[in-house]
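Here's the structure, in structure tokens; my notes come after.
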Amino acid sequence: MNHKKRRHGAQTRNRPEPRHPERGRPDGRGERPNPHGAWVYGIHTVLAALANPERSCHRLLLTQEAAHSLGERLAGIRAGRKDLPQAEIVPRETLVSRLGADAVHQGIALLAGPPPERDLGDICRAAGMREKAAVVVLDQVEDPRNAGAVLRSAAAFGALAVVVTERHAPPMTAVLAKAASGALETVPLVRVTNLVRALDELKEAGFWAVGFDAAAETPLDQAQMAAKTALVLGAEGKGLRRLTRESCDLMLRIPMEQRGASLNVSNAAAIALYAFAVARPR
């Protein structure tokens, strides 16, 4: 009798790890990295990762419907990359079990290594080869969907990078990747320890640091942009921290009918990036 109890206790202590340790909260916060990479999902996100030769790809899961509709596009990508895994056709329930019920997976998921890391020095060197360059700097924007949407806008308007802090910034999760809709493959997400020092490094490389605040005196449509500009934005509600604001060369506001109103940071970033894209540099 005692022997059986000891065996049962040993089995309990040796219980295997949960099958999907990478899953966290539905918003992506608390998501833990898988040692073999991370699951990303959604058509644009997965196809972009598959097409990126700097991404290692380990498993590709598809529903039968997705395999049929994406067959030609996958074949085209596979023609350019011989190291891709064979697609595994699985029922939709497998994707739900793997990714969570809230994941908008569109019938496709990929277990992939992270995008290649870039540091601020890489971005400054790349800017030196351009006549006009922009980076987006986010001050403690923690929501992965907002950060992903900013990356998507940065890709659309040709920004060199999105810079975030090591702390108080979202990790590289499937939620962020889905919101970025493939932009992680073309726009580096650069993590820095100290945002003020990062702004100083950008300035030394010729960037003009432009911060955004709803209470700033100068409206965006009356400002003149420098050829190399760092667009600095804070989280909705909190805005920029004092030291970040003091490190900016210029503070601007996005003109709105209701003075003092605030925009979601991803919307503000898109407006700022468009204004930079169409501006004639001073």
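FYI, nothing fancy with the structure tokens labels: chains A, B, ... in order, residues from 1 per chain, ligands from 1 as they appear.
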
| message | For stretch 246-260 of chain A, find every residue with an atom within 6 Å (counting only C-alpha atoms), except residues of its own chain fewer than 6 positions away, and show them as a PyMOL selection string. | response | chain A and resi 209-214+216+218-220

Taking the DSSP assignment computed from this structure's backbone, write out as a short mmCIF file (atom, residue, chain, number, x, y, z; two decimals) with N, CA and C atoms, in the first residue's frame all residues of stretch 12-195 of chain A that belong to strand (DSSP E).
data_model
loop_
_atom_site.label_atom_id
_atom_site.label_comp_id
_atom_site.auth_asym_id
_atom_site.auth_seq_id
_atom_site.Cartn_x
_atom_site.Cartn_y
_atom_site.Cartn_z
N ALA A 38 9.25 30.69 -31.56
CA ALA A 38 7.92 31.10 -31.10
C ALA A 38 6.93 30.87 -32.23
N TRP A 39 5.69 30.60 -31.85
CA TRP A 39 4.64 30.45 -32.85
C TRP A 39 4.18 31.82 -33.32
N VAL A 40 4.08 31.99 -34.62
CA VAL A 40 3.46 33.17 -35.21
C VAL A 40 2.33 32.67 -36.09
N TYR A 41 1.35 33.51 -36.33
CA TYR A 41 0.18 33.04 -37.06
C TYR A 41 -0.42 34.17 -37.87
N CYS A 57 12.95 28.48 -39.71
CA CYS A 57 11.57 28.01 -39.64
C CYS A 57 11.57 26.52 -39.31
N HIS A 58 10.77 26.12 -38.32
CA HIS A 58 10.85 24.77 -37.80
C HIS A 58 9.61 23.92 -38.08
N ARG A 59 8.42 24.48 -37.92
CA ARG A 59 7.19 23.74 -38.18
C ARG A 59 6.17 24.66 -38.83
N LEU A 60 5.46 24.14 -39.82
CA LEU A 60 4.41 24.90 -40.51
C LEU A 60 3.13 24.10 -40.43
N LEU A 61 2.12 24.68 -39.76
CA LEU A 61 0.83 24.03 -39.60
C LEU A 61 -0.21 24.75 -40.46
N LEU A 62 -1.01 23.96 -41.18
CA LEU A 62 -2.04 24.52 -42.06
C LEU A 62 -3.32 23.70 -41.94
N ALA A 87 4.84 21.27 -44.89
CA ALA A 87 3.60 21.68 -44.24
C ALA A 87 2.92 20.48 -43.61
N GLU A 88 2.36 20.69 -42.42
CA GLU A 88 1.59 19.68 -41.72
C GLU A 88 0.11 20.09 -41.79
N ILE A 89 -0.70 19.27 -42.38
CA ILE A 89 -2.13 19.55 -42.48
C ILE A 89 -2.81 19.09 -41.20
N ILE A 108 -3.30 29.13 -40.41
CA ILE A 108 -1.87 28.92 -40.65
C ILE A 108 -1.07 29.38 -39.44
N ALA A 109 -0.05 28.59 -39.08
CA ALA A 109 0.83 28.94 -37.96
C ALA A 109 2.23 28.41 -38.25
N LEU A 110 3.22 29.10 -37.73
CA LEU A 110 4.62 28.76 -37.99
C LEU A 110 5.42 28.85 -36.70
N LEU A 111 6.18 27.81 -36.41
CA LEU A 111 7.15 27.87 -35.31
C LEU A 111 8.46 28.33 -35.91
N ALA A 112 8.92 29.51 -35.50
CA ALA A 112 10.08 30.13 -36.14
C ALA A 112 11.01 30.74 -35.11
N ALA A 133 15.86 59.87 -43.63
CA ALA A 133 15.65 58.67 -42.82
C ALA A 133 14.84 59.01 -41.59
N ALA A 134 13.98 58.08 -41.19
CA ALA A 134 13.18 58.25 -39.98
C ALA A 134 13.26 56.98 -39.14
N VAL A 135 13.24 57.17 -37.83
CA VAL A 135 13.04 56.06 -36.90
C VAL A 135 11.92 56.47 -35.97
N VAL A 136 11.21 55.49 -35.43
CA VAL A 136 10.17 55.75 -34.44
C VAL A 136 10.71 55.28 -33.09
N VAL A 137 10.60 56.14 -32.09
CA VAL A 137 11.06 55.83 -30.74
C VAL A 137 9.83 55.80 -29.83
N LEU A 138 9.62 54.68 -29.15
CA LEU A 138 8.46 54.51 -28.28
C LEU A 138 8.89 54.52 -26.83
N ASP A 139 8.29 55.41 -26.06
CA ASP A 139 8.64 55.57 -24.65
C ASP A 139 7.64 54.80 -23.79
N ALA A 161 13.63 51.84 -38.39
CA ALA A 161 13.50 50.99 -37.21
C ALA A 161 12.46 51.56 -36.28
N VAL A 162 12.03 50.71 -35.36
CA VAL A 162 11.24 51.14 -34.20
C VAL A 162 12.09 50.83 -32.97
N VAL A 163 12.31 51.83 -32.14
CA VAL A 163 13.18 51.70 -30.97
C VAL A 163 12.31 51.65 -29.72
N VAL A 164 12.56 50.66 -28.88
CA VAL A 164 11.83 50.53 -27.61
C VAL A 164 12.84 50.27 -26.49
N THR A 165 12.38 50.38 -25.27
CA THR A 165 13.25 50.10 -24.13
C THR A 165 13.22 48.61 -23.79
N LEU A 189 12.98 45.82 -34.71
CA LEU A 189 12.53 46.30 -33.41
C LEU A 189 13.78 46.33 -32.52
N VAL A 190 14.30 47.51 -32.29
CA VAL A 190 15.58 47.68 -31.60
C VAL A 190 15.32 47.98 -30.13
N ARG A 191 15.91 47.20 -29.26
CA ARG A 191 15.73 47.40 -27.81
C ARG A 191 16.97 48.07 -27.23
N VAL A 192 16.72 49.10 -26.42
CA VAL A 192 17.81 49.84 -25.79
C VAL A 192 17.60 49.87 -24.28
#

| said: I'd like to know which of A:Thr244, A:Thr94, A:Asn267, A:Ser181 is closest to A:Val232, using only C-alpha atoms. | reply: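 Closest to A:Val232 of all the choices is A:Thr244.
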
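Proximity of A:Ala205, A:Val104, A:Ala147, A:Ala179 to A:Gly234, computed with only C-alpha atoms, is greatest for A:Ala147.
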
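Near A:Cys124, within 10 Å and counting only C-alpha atoms, sit A:Asp119, A:Leu120, A:Gly121, A:Asp122, A:Ala126, A:Ala127, A:Gly128, A:Met129, A:Ala133, A:Val135, A:Leu160, A:Glu201, A:Leu202, A:Lys203, A:Glu204, A:Ala205, A:Gly206, A:Phe207, not including residues fewer than 2 positions from it in the same chain.
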
Generate a file of the selected residues that holds N, CA and C atoms, formatted as a PDB file, in the first residue's frame.
ATOM      1  N   ASP A 119      21.186  46.456 -33.542  1.00  0.00           N
ATOM      2  CA  ASP A 119      21.373  47.435 -32.474  1.00  0.00           C
ATOM      3  C   ASP A 119      21.323  48.833 -33.064  1.00  0.00           C
ATOM      4  N   LEU A 120      21.379  49.825 -32.193  1.00  0.00           N
ATOM      5  CA  LEU A 120      21.210  51.207 -32.648  1.00  0.00           C
ATOM      6  C   LEU A 120      22.347  51.625 -33.570  1.00  0.00           C
ATOM      7  N   GLY A 121      23.536  51.078 -33.338  1.00  0.00           N
ATOM      8  CA  GLY A 121      24.653  51.386 -34.230  1.00  0.00           C
ATOM      9  C   GLY A 121      24.374  50.955 -35.660  1.00  0.00           C
ATOM     10  N   ASP A 122      23.733  49.781 -35.829  1.00  0.00           N
ATOM     11  CA  ASP A 122      23.356  49.324 -37.170  1.00  0.00           C
ATOM     12  C   ASP A 122      22.415  50.322 -37.846  1.00  0.00           C
ATOM     13  N   ALA A 126      23.023  52.605 -41.216  1.00  0.00           N
ATOM     14  CA  ALA A 126      22.101  52.554 -42.353  1.00  0.00           C
ATOM     15  C   ALA A 126      21.606  53.951 -42.710  1.00  0.00           C
ATOM     16  N   ALA A 127      21.362  54.777 -41.695  1.00  0.00           N
ATOM     17  CA  ALA A 127      20.897  56.153 -41.948  1.00  0.00           C
ATOM     18  C   ALA A 127      21.962  56.964 -42.672  1.00  0.00           C
ATOM     19  N   GLY A 128      23.224  56.664 -42.399  1.00  0.00           N
ATOM     20  CA  GLY A 128      24.306  57.392 -43.056  1.00  0.00           C
ATOM     21  C   GLY A 128      24.349  57.185 -44.554  1.00  0.00           C
ATOM     22  N   MET A 129      23.685  56.146 -45.041  1.00  0.00           N
ATOM     23  CA  MET A 129      23.662  55.869 -46.482  1.00  0.00           C
ATOM     24  C   MET A 129      22.397  56.400 -47.147  1.00  0.00           C
ATOM     25  N   ALA A 133      15.864  59.868 -43.630  1.00  0.00           N
ATOM     26  CA  ALA A 133      15.648  58.669 -42.822  1.00  0.00           C
ATOM     27  C   ALA A 133      14.835  59.011 -41.590  1.00  0.00           C
ATOM     28  N   VAL A 135      13.245  57.166 -37.834  1.00  0.00           N
ATOM     29  CA  VAL A 135      13.043  56.058 -36.899  1.00  0.00           C
ATOM     30  C   VAL A 135      11.916  56.472 -35.968  1.00  0.00           C
ATOM     31  N   LEU A 160      13.372  53.315 -40.756  1.00  0.00           N
ATOM     32  CA  LEU A 160      14.504  52.400 -40.594  1.00  0.00           C
ATOM     33  C   LEU A 160      14.312  51.418 -39.448  1.00  0.00           C
ATOM     34  N   GLU A 201      22.604  59.087 -28.971  1.00  0.00           N
ATOM     35  CA  GLU A 201      23.323  58.387 -30.034  1.00  0.00           C
ATOM     36  C   GLU A 201      22.733  58.704 -31.402  1.00  0.00           C
ATOM     37  N   LEU A 202      21.412  58.773 -31.471  1.00  0.00           N
ATOM     38  CA  LEU A 202      20.776  59.140 -32.734  1.00  0.00           C
ATOM     39  C   LEU A 202      21.139  60.565 -33.144  1.00  0.00           C
ATOM     40  N   LYS A 203      21.190  61.471 -32.187  1.00  0.00           N
ATOM     41  CA  LYS A 203      21.566  62.855 -32.496  1.00  0.00           C
ATOM     42  C   LYS A 203      22.992  62.935 -33.025  1.00  0.00           C
ATOM     43  N   GLU A 204      23.886  62.164 -32.421  1.00  0.00           N
ATOM     44  CA  GLU A 204      25.271  62.149 -32.899  1.00  0.00           C
ATOM     45  C   GLU A 204      25.365  61.643 -34.333  1.00  0.00           C
ATOM     46  N   ALA A 205      24.399  60.815 -34.736  1.00  0.00           N
ATOM     47  CA  ALA A 205      24.352  60.307 -36.105  1.00  0.00           C
ATOM     48  C   ALA A 205      23.608  61.246 -37.046  1.00  0.00           C
ATOM     49  N   GLY A 206      23.215  62.417 -36.541  1.00  0.00           N
ATOM     50  CA  GLY A 206      22.584  63.419 -37.397  1.00  0.00           C
ATOM     51  C   GLY A 206      21.079  63.482 -37.328  1.00  0.00           C
ATOM     52  N   PHE A 207      20.467  62.749 -36.399  1.00  0.00           N
ATOM     53  CA  PHE A 207      19.009  62.781 -36.276  1.00  0.00           C
ATOM     54  C   PHE A 207      18.567  63.979 -35.438  1.00  0.00           C
TER      55      PHE A 207
END
